[in-house]
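Take a look at the structure below.
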Amino acid sequence: MNRSILKILKYEFQDIIRSKWLIFYTLFFFLLTEGLFRLGGGTTKTTMSMMNVVIIVVPLFCIILGTMYLYNSREFIQLLLTQPIKRKNLFWGIYLGLSIPLVISFVVGMGIPYVLHGLNSADSMSSFWTLLASGVLLTLIFVALSYLIAIIFDDRIRGLATVIGIWLFFGVIYDGIVLFIIYMFGDYPLERVILGLTVFNPIDLARILLLLKFDISALMGYTGAVFEKFFGSGLGIIMSLSALVFWIVIPLLLALRKFDRKDF
Amino acid sequence: MIRLHQLTKTYGTLKVLKAIDLKIDSGKVTAIVGPNGAGKTTIIKSILGLIKPNDGEIYIQDKKINGDCEYRRNIGYMAQIARFPENLTVKNVINMIKDLRTDGHVVLDEELIDLFNLQKEYPKQIKNLSGGNRQKVNATIAFLFDPDILILDEPTASLDPVASSILKDKIRDEKESGKTIILTSHIMAEVEELADDIVFLLEGDIYYEGSILGMITGTGEQKLERAMARMMEGAEV
């Protein structure tokens, strides 16, 4: 990696790691996971509960924190841009400088209780890894989306409203639309349409990834069932994983392009 | 030396800079003045590469700026408002900029650190620092790398009288050693005190470019502030 990216990353890391929000985030995952284990749920039940928490909380927290962080750093980013640093390097530095602490915070917060209580079988190991991976992917995706929005909108109220809208859309409204389509056009073969729609929602993709891994068809819902039927578990997991990676890359490249051309 | 050629910037239909030609000499302090929204900050930010002009060229020491970031190694910039990462200490911030800007073997000008007595602020986190002390950190960073060009945007705005005089003395010293210094300020007394040349901007156009004395006598006034007011009312020089 480029040296100036590493330098920016290093100092941003030092800043973020001392932020009370990050400590709060780590504690939240730690206490919740620990609590679920202590209530006697066992690994499977805890993982099922954490799955629902991860796909809702990680996107919400990351997209809001990312937007706020970028707005609060605006003057500092300006100062860095007046130094002999390439804009592209600065962008990667500030993206990784926030994403890496968030990933560590999530992995540590949720990971410790699992290591202490839960990883006693090959099965629980593999579902834990899947849960961890989807949380990490969602972090990278939603920080990328938050940076894209904060770079597009100079006005922070509009930026924040937009990111909350994005989260609501992917987390809540999207499923409603899919259900509505199924209800309205139930007489037609909808499988391919639904499959196509799922790819456009990172939260749905993460949910399907988890459900395919846990192999619980009862909880899989319509899209999950279609996914499994279409691809089978193995291919389905690969498909949803690669779609999630696209969801990191595309917003990031758009944000980088905007950042490179922006007037500060 | 800095030269702007036909520099143009528009936001939508709003013309912020209207094909400006300007030459800023070295060994002098050049003040850019004008009412709010005249385009002062836009000029400064264009030179720094923060804003991408729609048209025109910028030459620094006769080399055209063309998207490469290396020319900024010769520029020290003091922004109007200084904000640094809240949870870093003063020492962290200064080290960070040193680290980003040098590879460890450049002569540093740490005079302002001593004069401002910043060492005693070193362990404090930025969020616990007063506005004036943040501005001292900001000034220190601008002068730290002994750059050929200094761009100071309202440098004394939030400094106390002591710090303000320290900074002004420093600006004079740097001028004597042949640097190119650009200054913006709304305090005309300060401009008269520090600047040799003045550039008067109004609605994205240069209305006057030359010595301060020329501008005052040209409008038939005694003081720069009055002269500026006259020019805003449309007086020709």
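Chain labels follow the order of the structure tokens: the first chain is A, the next B, and so on; residue numbering restarts at 1 in every chain, and ligands are counted from 1 in their shown order.
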Exercise for the section: At a cut-off of 6 Å, list the chain B residues touching chain A, using only C-alpha atoms, as a ChimeraX atom specification. Expected result: /B:48,50-51,69-70,72-73,83-84,87-88
Handout entry: Expected answer as a PyMOL selection string: helix (DSSP H, G or I) residues in stretch 142-209 of chain A
Key = chain A and resi 142-152+156-184+191-199+202-209
Problem - Nearest to A:Leu132 by atom-to-atom distance, counting only C-alpha atoms, from A:Phe153, A:Phe180, A:Tyr114, A:Phe170 - result: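 Closest to A:Leu132, using only C-alpha atoms: A:Tyr114.
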Practice task
Please measure the separation of atom CA of B:Asp68 and atom CA of B:Gly49, giving the value in Å to one decimal.
Solution key: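 Value for the atom CA of B:Asp68-atom CA of B:Gly49 distance: 9.5 Å.
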Handout entry: Residues within 12 Å of A:Asp175, only C-alpha atoms, excluding chain neighbours under 4 positions, as a list in words
Key = Leu168, Phe169, Phe170, Gly171, Leu179, Phe180, Ile181, Ile182, Ile194, Leu197, Thr198, Phe200, Asn201, Pro202, Ile203, Asp204, Leu205, Arg207, Gly221, Tyr222 and Thr223 of chain A
What would the file look like if the residues just selected were written as a tab-separated table (two decimals), in the first residue's frame with N, CA and C atoms?
```tsv
chain	number	residue	atom	x	y	z
A	168	LEU	N	-33.43	3.06	5.96
A	168	LEU	CA	-34.85	2.67	6.05
A	168	LEU	C	-35.28	1.92	4.80
A	169	PHE	N	-34.83	2.42	3.67
A	169	PHE	CA	-35.21	1.81	2.40
A	169	PHE	C	-34.72	0.37	2.32
A	170	PHE	N	-33.44	0.15	2.57
A	170	PHE	CA	-32.89	-1.20	2.46
A	170	PHE	C	-33.36	-2.10	3.59
A	171	GLY	N	-33.51	-1.53	4.80
A	171	GLY	CA	-33.81	-2.36	5.95
A	171	GLY	C	-35.29	-2.67	6.10
A	179	LEU	N	-42.67	-7.81	-1.11
A	179	LEU	CA	-43.90	-8.51	-0.73
A	179	LEU	C	-45.08	-8.03	-1.57
A	180	PHE	N	-45.12	-6.72	-1.78
A	180	PHE	CA	-46.18	-6.13	-2.57
A	180	PHE	C	-46.18	-6.71	-3.99
A	181	ILE	N	-44.98	-6.80	-4.57
A	181	ILE	CA	-44.87	-7.35	-5.92
A	181	ILE	C	-45.35	-8.80	-5.95
A	182	ILE	N	-44.92	-9.57	-4.93
A	182	ILE	CA	-45.34	-10.97	-4.88
A	182	ILE	C	-46.87	-11.07	-4.77
A	194	ILE	N	-37.56	-11.65	-8.45
A	194	ILE	CA	-37.23	-11.50	-7.03
A	194	ILE	C	-35.72	-11.66	-6.82
A	197	LEU	N	-34.13	-8.53	-7.79
A	197	LEU	CA	-34.37	-7.47	-6.81
A	197	LEU	C	-33.47	-7.62	-5.58
A	198	THR	N	-33.25	-8.87	-5.18
A	198	THR	CA	-32.45	-9.10	-3.98
A	198	THR	C	-31.03	-8.58	-4.12
A	200	PHE	N	-30.05	-6.06	-5.48
A	200	PHE	CA	-29.96	-4.61	-5.31
A	200	PHE	C	-30.14	-4.17	-3.86
A	201	ASN	N	-30.19	-5.09	-2.93
A	201	ASN	CA	-30.29	-4.71	-1.53
A	201	ASN	C	-29.23	-5.45	-0.69
A	202	PRO	N	-28.22	-4.71	-0.24
A	202	PRO	CA	-27.13	-5.36	0.50
A	202	PRO	C	-27.60	-6.02	1.80
A	203	ILE	N	-28.60	-5.44	2.45
A	203	ILE	CA	-29.07	-6.03	3.71
A	203	ILE	C	-29.74	-7.37	3.43
A	204	ASP	N	-30.54	-7.43	2.37
A	204	ASP	CA	-31.16	-8.69	1.95
A	204	ASP	C	-30.10	-9.74	1.61
A	205	LEU	N	-29.07	-9.29	0.91
A	205	LEU	CA	-28.00	-10.21	0.52
A	205	LEU	C	-27.33	-10.81	1.74
A	207	ARG	N	-28.63	-11.13	4.69
A	207	ARG	CA	-29.59	-12.02	5.35
A	207	ARG	C	-29.61	-13.39	4.67
A	221	GLY	N	-37.75	-17.16	4.18
A	221	GLY	CA	-38.59	-16.21	3.47
A	221	GLY	C	-38.60	-16.53	1.99
A	222	TYR	N	-39.29	-15.70	1.25
A	222	TYR	CA	-39.47	-15.97	-0.16
A	222	TYR	C	-38.16	-15.87	-0.94
A	223	THR	N	-37.47	-14.74	-0.73
A	223	THR	CA	-36.24	-14.53	-1.52
A	223	THR	C	-35.20	-15.60	-1.21
```
Practice task
Considering only C-alpha atoms, return as a list in words whatever protein or nucleic-acid residues lie within 8 Å of B:Lys40, sequence-local ones (same chain, fewer than 6 positions apart) excluded.
Solution key: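 The neighbour list is Ile32, Val33, Gly34, Thr184 and Leu201 of chain B.
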Practice task
Please identify all polymer residues within 9 Å of A:Thr130, counting only C-alpha atoms, omitting same-chain residues fewer than 4 positions from it, and present them as a VMD selection string.
Solution key: chain A and resid 125 to 126 134 to 135 209 to 210 213
Would you save the residues from that selection as a PDB file, in the first residue's frame, using C-alpha atoms?
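File produced: out.pdb:
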```pdb
ATOM      1  CA  MET A 125     -17.634 -22.376  14.161  1.00  0.00           C
ATOM      2  CA  SER A 126     -18.817 -22.080  10.603  1.00  0.00           C
ATOM      3  CA  SER A 134     -21.505 -10.561   6.939  1.00  0.00           C
ATOM      4  CA  GLY A 135     -21.004  -7.983   9.700  1.00  0.00           C
ATOM      5  CA  LEU A 209     -26.011 -15.391   3.060  1.00  0.00           C
ATOM      6  CA  LEU A 210     -26.671 -16.144   6.721  1.00  0.00           C
ATOM      7  CA  LYS A 213     -25.402 -21.028   5.780  1.00  0.00           C
TER       8      LYS A 213
END
```
Problem - Option closest in space to A:Val108, from A:Tyr183, A:Phe29, A:Phe13, A:Trp21 [counting only C-alpha atoms] - result: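 The closest residue to A:Val108 is A:Phe29.
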Exercise for the section: Do a neighbour search on stretch 107-110 of chain B at 10 Å with only C-alpha atoms, toss out local chain neighbours closer than 3 positions, and write the hits as a ChimeraX atom specification. Expected result: /B:98,102,104,113-115,140-147
Practice task
Tell me which protein, DNA and RNA residues are within 12 Å of B:Asn117, counting only C-alpha atoms, leaving out same-chain ones fewer than 4 positions away, and put them as a list in words.
Solution key: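 Near neighbours after the sequence-gap exclusion: Glu110, Glu111, Leu112, Ile113, Glu121, Tyr122, Asn133, Lys136, Val137, Thr140, Val162, Ala163 and Ile166 of chain B.
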Pull C-alpha atoms from the residues just selected and write them as an mmCIF file, in the first residue's frame.
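Printed below is part-v8.cif as written:
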```
data_model
loop_
_atom_site.group_PDB
_atom_site.id
_atom_site.type_symbol
_atom_site.label_atom_id
_atom_site.label_comp_id
_atom_site.auth_asym_id
_atom_site.auth_seq_id
_atom_site.Cartn_x
_atom_site.Cartn_y
_atom_site.Cartn_z
ATOM 1 C CA GLU B 110 9.903 25.664 14.844
ATOM 2 C CA GLU B 111 10.241 29.270 15.947
ATOM 3 C CA LEU B 112 6.481 29.768 16.370
ATOM 4 C CA ILE B 113 6.211 26.724 18.634
ATOM 5 C CA GLU B 121 -0.232 22.459 25.107
ATOM 6 C CA TYR B 122 1.362 19.344 23.566
ATOM 7 C CA ASN B 133 -4.758 27.987 20.766
ATOM 8 C CA LYS B 136 -1.751 28.974 17.023
ATOM 9 C CA VAL B 137 -1.349 25.326 16.036
ATOM 10 C CA THR B 140 2.668 26.904 13.406
ATOM 11 C CA VAL B 162 0.166 39.122 22.030
ATOM 12 C CA ALA B 163 -0.141 36.152 19.688
ATOM 13 C CA ILE B 166 4.078 37.529 17.297
#
```
Problem - Separation of atom CA of A:Ile250 from atom CA of A:Leu140, in Å and rounded to one decimal - result: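 Interatomic distance, atom CA of A:Ile250 to atom CA of A:Leu140: 11.6 Å.
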